[in-house]
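> Below you will find the structure I want to go over with you.
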Amino acid sequence: LGTPFPASTPVTARAVDDQGDRYRELVQKAQVRLSGVAKDKTQHTRVSACQAYAHPIQRELEETRLFLSKLSVDKPAPLIKSDVDENVADTLAKVEQMRHDFENQREQKKKADEAEKAEAVKKVEDAKQAEETKKAEATKKAAEEVKQAEEAEKAKQAEEAKQAIEQSKPIETPTTSEQAVLLAKRYRDMYSELMNDLAPKIRADPQKRAHCFKQRGLVTRGVGQLKDSWEFIGRTADSIKSILSASASADVQDWMLNLVAKSLVKQAEREVSVAPHAAYPLAATAVLVMQAYPKLSDMLMIRLVKKCPFVVPQYMAKQPGQNTDDFIKAAGYRRNDDGDIESEGIYAERMTGMLALFAAIVQMPDIGGQPNPFPVHHGWTWLARIINMPPRAISPLLVQTFLSVAGPTMLGVYGRQMDKLISVLATTWIASVAGSSPLAVAGKSNLTTFINEYRSSGSI
């Protein structure tokens with residue numbers, strides 16, 4: 001096994017431990033080999049050999065232990081803390097403090113950033129809220145201003161309507177010629193007969209009522225879709241005539257003629273007031289149907305006089321003892337959704353729309369070789385009557401509307417007589433229009449401009 005410790009090798013506790021470990025390892029390996037030897041005699045020789053091999057090792061191990069027990073190994077001296085170690089420790093402490101300070105600063109900066117961000121968000125939200133509040137206040141203020149303006153306009157319209165009613169009180173000067181009064185009474189009586197005699201008969205018969213209801217829808221749709229085209233006008237008129245010819249009895253036909261007239265007048269009231277040229281297709285359709293069914297001319301006048309007495313012409317006068325509602329209804333006024341009387345402006349628009357239909361019918365020439373059943377002399381009568389009546393605030397607008405639609409035809413038919421009538425309008429009649437309402441002032445100005453343009457051009 002050799003010398004436990006060579007002379008050149010320094011003896012230390014670690015070296016002794018290492019050498020002892022090597023011997024112990026060899027002994028353990030020998031014991032393992034011996035324990036595995038069978039008691040079989042055949043193995044006896046092997047066992048003896050192993051024992052002979054192990055005995056010297058065992059003996060050397062004992063000697064080593066004895067040597068080690070006699071050997072004294074000094075413990076290492078404790079380490080002496082040097083200045084370098086203190087500097088290192090101080091440096092590490094400083095580094096740790098710096099790290100700690102850095103973490104604190106980073107945490108504080110994070111909190112500061114979050115607070116700044118929250119403050120910025122709050123400022124944006126506050127600004128947004130302030131803007132919304134400002135807008136809401138502006139909207140509220142605008143709504144209040146609109147409401148005040150509407151109330152002021154409403155009050156103004158009510159005052160205008162009141163003045164119009166006051167103006168309609170009976171006066172000594174006739175407001176309508178005797179012939180016009182009789183004509184208007186005739187058509188109003190005819191309307192009463194329609195409502196009191198014919199209407200109950202139609203309503204009492206389910207078949208007649210269903211037939212008229214169905215055909216009325218066809219008439220209304222055809223009139224509502226009229227276009228400024230002779231082909232389209234012809235088709236619409238043929239359709240209406242076909243509907244009338246399908247009537248099973250005279251009373252059904254009369255009721256259908258009433259519904260045709262009502263549809264034409266309603267369309268004029270709604271559309272012609274804003275688009276005067278729309279009066280011509282309506283008038284042409286009416287004339288084409290009147291050529292086949294002359295009674296339609298009376299039905300049209302019944303409906304026109306009921307809604308627009310100016311086609312007579314007639315200025316309705318409030319009679320003693322007549323209540324306001326009865327007068328409003330007779331004069332053609334309407335009440336709005338609030339129950340107030342419509343403004344003079346809206347009233348005038350509706351009246352001129354229906355008057356334009358009347359003027360378009362009277363100026364319509366012969367169509368298809370057949371005469372117009374309601375010819376131009378009705379227009380001359382209307383113009384002469386209104387010039388001989390004390391004018392109202394609405395009168396200039398009525399005259400201008402009539403001349404704009406029927407004037408060219410009447411000028412071609414009556415020539416110098418028509419020119420003299422226009423001169424009367426310009427020299428005396430317009431000046432006699434009293435009142436300072438916007439309707440009167442604008443009407444006089446527009447009619448004066450219209451007549452001046454006629455004089456300078458020689459045509460309407």
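How things are named: the first chain in the structure tokens is A, the next is B, and so on; residues count from 1 in each chain; ligands count from 1 in the order shown.
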List every residue of stretch 278-423 of chain A that DSSP, applied to the backbone of this structure, assigns to strand (DSSP E or B), and report them as a PyMOL selection string.

chain A and resi 335+341+367+370

> Which residues, written as a VMD selection string, have at least one atom at most 12 Å from A:Val441, with only C-alpha atoms counted and residues fewer than 2 positions away on the same chain left out?

chain A and resid 392 to 397 430 to 431 433 to 439 443 to 448

> For the selection just defined, write its residues with C-alpha atoms to a file, as a PDB file, in the first residue's frame.


ATOM      1  CA  ARG A 392    -109.401  94.149 -49.093  1.00  0.00           C
ATOM      2  CA  ALA A 393    -105.835  93.422 -48.072  1.00  0.00           C
ATOM      3  CA  ILE A 394    -105.888  90.161 -50.009  1.00  0.00           C
ATOM      4  CA  SER A 395    -107.371  91.678 -53.191  1.00  0.00           C
ATOM      5  CA  PRO A 396    -104.104  92.692 -54.981  1.00  0.00           C
ATOM      6  CA  LEU A 397    -102.731  89.162 -54.536  1.00  0.00           C
ATOM      7  CA  ILE A 430    -104.411  99.770 -56.313  1.00  0.00           C
ATOM      8  CA  ALA A 431    -104.357 103.124 -54.542  1.00  0.00           C
ATOM      9  CA  VAL A 433    -106.370  99.265 -51.185  1.00  0.00           C
ATOM     10  CA  ALA A 434    -106.298 100.293 -47.548  1.00  0.00           C
ATOM     11  CA  GLY A 435    -104.359  98.805 -44.673  1.00  0.00           C
ATOM     12  CA  SER A 436    -100.721  98.480 -43.727  1.00  0.00           C
ATOM     13  CA  SER A 437    -100.599  94.743 -43.137  1.00  0.00           C
ATOM     14  CA  PRO A 438     -97.734  92.829 -44.770  1.00  0.00           C
ATOM     15  CA  LEU A 439    -100.262  91.112 -47.031  1.00  0.00           C
ATOM     16  CA  GLY A 443     -99.742  92.668 -52.668  1.00  0.00           C
ATOM     17  CA  LYS A 444     -99.876  96.272 -53.872  1.00  0.00           C
ATOM     18  CA  SER A 445     -96.156  96.355 -54.581  1.00  0.00           C
ATOM     19  CA  ASN A 446     -96.156  93.078 -56.518  1.00  0.00           C
ATOM     20  CA  LEU A 447     -99.239  93.982 -58.541  1.00  0.00           C
ATOM     21  CA  THR A 448     -97.747  97.373 -59.426  1.00  0.00           C
TER      22      THR A 448
END

> May I ask which of the residues A:Asp325, A:Ala138, A:Thr64, A:Gly379 is the closest one to A:Gly339, counting only C-alpha atoms?

A:Asp325

> Find, counting only C-alpha atoms, the residue in A:Glu25, A:Glu86, A:Glu96, A:Glu114 that gets nearest to A:Leu61.

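Of the candidates, the smallest distance to A:Leu61 is held by A:Glu25.
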